[in-house]
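> Below is one structure. I have some questions about it.
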Amino acid sequence: MEQAVVPKRRSWIEWVAYATIVAALLVLFAGPLHRIGVDFRAVFRLMSIAAITAGVGALICAVAAFVARSRADRRPFFLALIGAAAGLLAFAIPMLLAMQARGVPPIHDITTDTLDPPQFVAILPLRADAPNPPSYAGASVAAQQTAAYPRVRTLVLDVPPQQAFDRALAAAADMGWDMVATVPGEGRIEATDTTTWFGFKDDVVIRIRPQGAASRLDVRSKSRVGMSDLGLNAERVERYLERVRAGA
């Protein structure tokens, strides 16, 4: 008579490793969760809890790997190593984002003209439900921007407005933005850029005005959600201005 095979019970090390890996996956899937419609505040709360869980799990897994290193059954050892690595990575991601946020001012509206910033027109309906209003906050934001991003300034092009508009439009297309409006008669271009991981929507408006025989190009980039943009709007504006210059 054949003897029934009793499944081997999983050790506590394996359960801790599995829990740590699941927590790490929740951190990594925070972005896709927001992309499918989960509120960004709920996503950030989930991400924070999962990151802390993953960090604690990584420490336990490291100890568990040390305990299991000499066992004949190598499965718990390798699972603990995987759990430690996954947990450490998942804990490091939000920590790095937090460090990046501390290194930049807590603003999310960047413009080359802080005295008379370009205004959104066609994009306004798209921002109707956005937590961040389309209006410019004024002197307090301007002072923080000037101190942190001195390179963000008006670009003067030695061409008439129509040529400047064509160059501005070509550069915007090269940036891969979703075009919302192009109004040559007003010298206005509006577009939306979507961030890679979370899918946040940041809106851009470009304004071209004559300045003598030349043209004055101003840009504004503003996030729809969040207090700090981690410096992304300033980086976007600077990259765009470089593309316009390169199109000369």
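Chains: A, B, ... in order of the structure tokens. Residues: from 1 per chain. Ligands: from 1, in order shown.
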Excluding same-chain residues fewer than 6 positions from A:Gly83, what lies within 12 Å of it counting only C-alpha atoms, as an mmCIF file with C-alpha atoms, in the first residue's frame?


```
data_model
loop_
_atom_site.group_PDB
_atom_site.id
_atom_site.type_symbol
_atom_site.label_atom_id
_atom_site.label_comp_id
_atom_site.auth_asym_id
_atom_site.auth_seq_id
_atom_site.Cartn_x
_atom_site.Cartn_y
_atom_site.Cartn_z
ATOM 1 C CA ILE A 13 11.268 32.412 6.584
ATOM 2 C CA GLU A 14 9.377 31.668 3.373
ATOM 3 C CA TRP A 15 6.220 33.395 4.607
ATOM 4 C CA VAL A 16 8.156 36.517 5.575
ATOM 5 C CA ALA A 17 9.907 36.518 2.180
ATOM 6 C CA TYR A 18 6.593 36.191 0.337
ATOM 7 C CA ALA A 19 5.035 39.002 2.372
ATOM 8 C CA THR A 20 8.031 41.250 1.679
ATOM 9 C CA ILE A 21 7.908 40.541 -2.046
ATOM 10 C CA VAL A 22 4.169 41.344 -2.138
ATOM 11 C CA ALA A 23 4.800 44.647 -0.323
ATOM 12 C CA ALA A 24 7.557 45.468 -2.813
ATOM 13 C CA LEU A 25 5.211 44.755 -5.728
ATOM 14 C CA THR A 53 6.400 47.027 5.295
ATOM 15 C CA ALA A 54 8.937 46.160 2.608
ATOM 16 C CA GLY A 55 11.729 47.879 4.520
ATOM 17 C CA VAL A 56 10.969 46.005 7.741
ATOM 18 C CA GLY A 57 10.593 42.797 5.743
ATOM 19 C CA ALA A 58 13.976 43.380 4.111
ATOM 20 C CA LEU A 59 15.653 43.523 7.522
ATOM 21 C CA ILE A 60 13.908 40.354 8.710
ATOM 22 C CA CYS A 61 14.754 38.587 5.449
ATOM 23 C CA ALA A 62 18.419 39.541 5.804
ATOM 24 C CA VAL A 63 18.475 37.990 9.292
ATOM 25 C CA ALA A 64 16.525 34.978 8.030
ATOM 26 C CA ALA A 65 18.986 34.434 5.181
ATOM 27 C CA PRO A 76 14.252 29.377 2.419
ATOM 28 C CA PHE A 77 17.738 30.859 2.053
ATOM 29 C CA LEU A 89 14.631 48.317 -3.462
ATOM 30 C CA ALA A 90 10.972 49.035 -2.677
ATOM 31 C CA PHE A 91 11.901 50.961 0.472
#
```

> DSSP on the backbone, strand (DSSP E or B) only: what residues of stretch 139-236 of chain A does that give? Format it as a PDB file with N, CA and C atoms, in the first residue's frame.


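result.pdb, written as the output of this step:
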```
ATOM      1  N   LEU A 155      13.033  83.393 -23.631  1.00  0.00           N
ATOM      2  CA  LEU A 155      13.937  83.175 -24.759  1.00  0.00           C
ATOM      3  C   LEU A 155      13.584  84.165 -25.866  1.00  0.00           C
ATOM      4  N   VAL A 156      14.574  84.944 -26.301  1.00  0.00           N
ATOM      5  CA  VAL A 156      14.392  85.892 -27.395  1.00  0.00           C
ATOM      6  C   VAL A 156      14.993  85.287 -28.659  1.00  0.00           C
ATOM      7  N   LEU A 157      14.168  85.190 -29.700  1.00  0.00           N
ATOM      8  CA  LEU A 157      14.595  84.616 -30.977  1.00  0.00           C
ATOM      9  C   LEU A 157      14.719  85.724 -32.020  1.00  0.00           C
ATOM     10  N   ASP A 178       1.129  65.810 -25.857  1.00  0.00           N
ATOM     11  CA  ASP A 178      -0.179  65.735 -26.511  1.00  0.00           C
ATOM     12  C   ASP A 178      -0.652  67.159 -26.785  1.00  0.00           C
ATOM     13  N   MET A 179      -0.738  67.506 -28.051  1.00  0.00           N
ATOM     14  CA  MET A 179      -1.107  68.865 -28.411  1.00  0.00           C
ATOM     15  C   MET A 179      -2.599  69.100 -28.149  1.00  0.00           C
ATOM     16  N   VAL A 180      -2.907  70.224 -27.512  1.00  0.00           N
ATOM     17  CA  VAL A 180      -4.282  70.581 -27.186  1.00  0.00           C
ATOM     18  C   VAL A 180      -4.770  71.722 -28.073  1.00  0.00           C
ATOM     19  N   ALA A 181      -3.913  72.708 -28.318  1.00  0.00           N
ATOM     20  CA  ALA A 181      -4.311  73.847 -29.152  1.00  0.00           C
ATOM     21  C   ALA A 181      -3.080  74.490 -29.769  1.00  0.00           C
ATOM     22  N   THR A 182      -3.207  74.888 -31.024  1.00  0.00           N
ATOM     23  CA  THR A 182      -2.172  75.677 -31.708  1.00  0.00           C
ATOM     24  C   THR A 182      -2.881  76.850 -32.377  1.00  0.00           C
ATOM     25  N   VAL A 183      -2.597  78.054 -31.911  1.00  0.00           N
ATOM     26  CA  VAL A 183      -3.286  79.255 -32.406  1.00  0.00           C
ATOM     27  C   VAL A 183      -2.231  80.244 -32.900  1.00  0.00           C
ATOM     28  N   ARG A 188      -0.024  81.220 -29.544  1.00  0.00           N
ATOM     29  CA  ARG A 188      -0.254  80.363 -28.373  1.00  0.00           C
ATOM     30  C   ARG A 188      -0.276  78.890 -28.755  1.00  0.00           C
ATOM     31  N   ILE A 189       0.455  78.101 -27.976  1.00  0.00           N
ATOM     32  CA  ILE A 189       0.476  76.643 -28.117  1.00  0.00           C
ATOM     33  C   ILE A 189       0.182  76.051 -26.741  1.00  0.00           C
ATOM     34  N   GLU A 190      -0.743  75.104 -26.685  1.00  0.00           N
ATOM     35  CA  GLU A 190      -1.047  74.427 -25.421  1.00  0.00           C
ATOM     36  C   GLU A 190      -0.916  72.923 -25.610  1.00  0.00           C
ATOM     37  N   ALA A 191      -0.368  72.267 -24.594  1.00  0.00           N
ATOM     38  CA  ALA A 191      -0.122  70.830 -24.685  1.00  0.00           C
ATOM     39  C   ALA A 191      -0.136  70.219 -23.292  1.00  0.00           C
ATOM     40  N   THR A 192      -0.198  68.902 -23.245  1.00  0.00           N
ATOM     41  CA  THR A 192      -0.168  68.166 -21.989  1.00  0.00           C
ATOM     42  C   THR A 192       0.905  67.096 -22.047  1.00  0.00           C
ATOM     43  N   ASP A 193       1.682  67.002 -20.990  1.00  0.00           N
ATOM     44  CA  ASP A 193       2.706  65.968 -20.873  1.00  0.00           C
ATOM     45  C   ASP A 193       2.289  65.004 -19.772  1.00  0.00           C
ATOM     46  N   THR A 194       2.475  63.711 -19.989  1.00  0.00           N
ATOM     47  CA  THR A 194       2.095  62.683 -19.020  1.00  0.00           C
ATOM     48  C   THR A 194       3.346  62.023 -18.473  1.00  0.00           C
ATOM     49  N   LYS A 201      -0.683  64.279 -15.134  1.00  0.00           N
ATOM     50  CA  LYS A 201      -0.844  65.200 -16.245  1.00  0.00           C
ATOM     51  C   LYS A 201      -0.292  66.573 -15.855  1.00  0.00           C
ATOM     52  N   ASP A 202       0.687  67.042 -16.608  1.00  0.00           N
ATOM     53  CA  ASP A 202       1.230  68.388 -16.448  1.00  0.00           C
ATOM     54  C   ASP A 202       0.932  69.162 -17.727  1.00  0.00           C
ATOM     55  N   ASP A 203       0.427  70.371 -17.564  1.00  0.00           N
ATOM     56  CA  ASP A 203       0.003  71.170 -18.722  1.00  0.00           C
ATOM     57  C   ASP A 203       1.031  72.241 -19.059  1.00  0.00           C
ATOM     58  N   VAL A 204       1.183  72.496 -20.348  1.00  0.00           N
ATOM     59  CA  VAL A 204       2.169  73.448 -20.859  1.00  0.00           C
ATOM     60  C   VAL A 204       1.471  74.456 -21.768  1.00  0.00           C
ATOM     61  N   VAL A 205       1.820  75.726 -21.595  1.00  0.00           N
ATOM     62  CA  VAL A 205       1.357  76.750 -22.525  1.00  0.00           C
ATOM     63  C   VAL A 205       2.568  77.563 -22.974  1.00  0.00           C
ATOM     64  N   ILE A 206       2.658  77.794 -24.287  1.00  0.00           N
ATOM     65  CA  ILE A 206       3.767  78.535 -24.899  1.00  0.00           C
ATOM     66  C   ILE A 206       3.184  79.793 -25.529  1.00  0.00           C
ATOM     67  N   ARG A 207       3.862  80.902 -25.325  1.00  0.00           N
ATOM     68  CA  ARG A 207       3.371  82.188 -25.838  1.00  0.00           C
ATOM     69  C   ARG A 207       4.474  82.874 -26.633  1.00  0.00           C
ATOM     70  N   ILE A 208       4.126  83.335 -27.834  1.00  0.00           N
ATOM     71  CA  ILE A 208       5.070  84.040 -28.697  1.00  0.00           C
ATOM     72  C   ILE A 208       4.554  85.463 -28.899  1.00  0.00           C
ATOM     73  N   ARG A 209       5.403  86.415 -28.623  1.00  0.00           N
ATOM     74  CA  ARG A 209       5.054  87.824 -28.829  1.00  0.00           C
ATOM     75  C   ARG A 209       6.179  88.520 -29.588  1.00  0.00           C
ATOM     76  N   PRO A 210       5.817  89.542 -30.397  1.00  0.00           N
ATOM     77  CA  PRO A 210       6.874  90.292 -31.093  1.00  0.00           C
ATOM     78  C   PRO A 210       7.663  91.138 -30.109  1.00  0.00           C
ATOM     79  N   GLN A 211       8.956  91.262 -30.387  1.00  0.00           N
ATOM     80  CA  GLN A 211       9.824  92.160 -29.617  1.00  0.00           C
ATOM     81  C   GLN A 211      10.723  92.861 -30.617  1.00  0.00           C
ATOM     82  N   ALA A 214      12.406  90.964 -33.526  1.00  0.00           N
ATOM     83  CA  ALA A 214      12.594  89.613 -33.014  1.00  0.00           C
ATOM     84  C   ALA A 214      11.301  89.099 -32.377  1.00  0.00           C
ATOM     85  N   SER A 215      11.414  87.978 -31.646  1.00  0.00           N
ATOM     86  CA  SER A 215      10.246  87.383 -30.985  1.00  0.00           C
ATOM     87  C   SER A 215      10.618  86.985 -29.560  1.00  0.00           C
ATOM     88  N   ARG A 216       9.660  87.120 -28.693  1.00  0.00           N
ATOM     89  CA  ARG A 216       9.831  86.753 -27.292  1.00  0.00           C
ATOM     90  C   ARG A 216       9.016  85.481 -27.030  1.00  0.00           C
ATOM     91  N   LEU A 217       9.689  84.438 -26.575  1.00  0.00           N
ATOM     92  CA  LEU A 217       9.032  83.152 -26.333  1.00  0.00           C
ATOM     93  C   LEU A 217       9.006  82.877 -24.828  1.00  0.00           C
ATOM     94  N   ASP A 218       7.812  82.681 -24.305  1.00  0.00           N
ATOM     95  CA  ASP A 218       7.650  82.329 -22.901  1.00  0.00           C
ATOM     96  C   ASP A 218       6.926  80.993 -22.772  1.00  0.00           C
ATOM     97  N   VAL A 219       7.268  80.259 -21.725  1.00  0.00           N
ATOM     98  CA  VAL A 219       6.710  78.929 -21.494  1.00  0.00           C
ATOM     99  C   VAL A 219       6.241  78.829 -20.049  1.00  0.00           C
ATOM    100  N   ARG A 220       5.191  78.069 -19.862  1.00  0.00           N
ATOM    101  CA  ARG A 220       4.719  77.786 -18.509  1.00  0.00           C
ATOM    102  C   ARG A 220       4.325  76.315 -18.423  1.00  0.00           C
ATOM    103  N   SER A 221       4.759  75.652 -17.362  1.00  0.00           N
ATOM    104  CA  SER A 221       4.433  74.245 -17.150  1.00  0.00           C
ATOM    105  C   SER A 221       3.897  74.087 -15.736  1.00  0.00           C
ATOM    106  N   LYS A 222       2.701  73.486 -15.608  1.00  0.00           N
ATOM    107  CA  LYS A 222       2.031  73.408 -14.305  1.00  0.00           C
ATOM    108  C   LYS A 222       1.420  72.021 -14.100  1.00  0.00           C
ATOM    109  N   SER A 223       1.641  71.464 -12.917  1.00  0.00           N
ATOM    110  CA  SER A 223       1.079  70.160 -12.567  1.00  0.00           C
ATOM    111  C   SER A 223      -0.383  70.290 -12.177  1.00  0.00           C
TER     112      SER A 223
END
```

> Could you pull the residues within 12 Å of A:Leu232, counting only C-alpha atoms, minus those fewer than 3 positions along the same chain, as JSON, numbers by chain?

{"A": [97, 100, 101, 104, 105, 106, 107, 108, 109, 110, 149, 193, 194, 195, 196, 200, 201, 202, 203, 221, 222, 223, 226, 228, 229, 235, 236, 237, 238, 239]}

> Return the single residue from A:Val27, A:Asp166, A:Pro160, A:Leu241 that is closest to A:Ala86, with distances computed using only C-alpha atoms.

A:Val27

> Write out as a PyMOL selection string all residues of stretch 2-242 of chain A that backbone DSSP assigns to alpha helix (DSSP H).

chain A and resi 12-28+30-35+40-68+75-102+139-148+161-174+232-242

> Work out how far atom CA of A:Val43 is from atom CA of A:Ala128, in Å to one decimal.

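Distance between the two atoms: 21.3 Å.
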
> Got a sec: who's within 8 Å of stretch 125-127 of chain A, counting only C-alpha atoms, leaving out chain neighbours fewer than 6 positions off, as a PyMOL selection string?

chain A and resi 133-134+224

> Since we have the selection now, will you write its residues out, keeping C-alpha atoms, as an mmCIF file, in the first residue's frame?


```cif
data_model
loop_
_atom_site.group_PDB
_atom_site.id
_atom_site.type_symbol
_atom_site.label_atom_id
_atom_site.label_comp_id
_atom_site.auth_asym_id
_atom_site.auth_seq_id
_atom_site.Cartn_x
_atom_site.Cartn_y
_atom_site.Cartn_z
ATOM 1 C CA PRO A 133 -6.092 75.631 -9.951
ATOM 2 C CA PRO A 134 -4.908 77.073 -13.284
ATOM 3 C CA ARG A 224 -2.579 69.278 -12.077
#
```

> Expressed in Å to a single decimal, how great is the separation between atom CA of A:Gly87 and atom CA of A:Ile52?

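The value is 9.0 Å.
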
> Can you tell me, as an MDAnalysis selection string, what residues are no more than 12 Å from A:Ala139 when counting only C-alpha atoms, ignoring any on the same chain fewer than 2 positions away?

chainID A and resid 113:117 136:137 141:146

> Just the number, please: distance in Å from atom CA of A:Gly138 to atom CA of A:Gly187, one decimal.

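Computing it gives 23.3 Å between the two atoms.
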
> Neighbours of A:Leu26 within 8 Å (only C-alpha atoms; same-chain residues fewer than 3 positions away dropped), as a PyMOL selection string?

chain A and resi 22-23+29-30+46-47+50

> Convert the current residue selection to file output with C-alpha atoms, as a PDB file, in the first residue's frame.


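And here's selection-v4.pdb as it stands now:
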```
ATOM      1  CA  VAL A  22       4.169  41.344  -2.138  1.00  0.00           C
ATOM      2  CA  ALA A  23       4.800  44.647  -0.323  1.00  0.00           C
ATOM      3  CA  PHE A  29       2.409  49.030  -8.920  1.00  0.00           C
ATOM      4  CA  ALA A  30       1.515  52.349  -7.268  1.00  0.00           C
ATOM      5  CA  LEU A  46      -0.696  52.665  -0.023  1.00  0.00           C
ATOM      6  CA  MET A  47       2.804  53.257  -1.345  1.00  0.00           C
ATOM      7  CA  ALA A  50       3.899  49.140   1.482  1.00  0.00           C
TER       8      ALA A  50
END
```
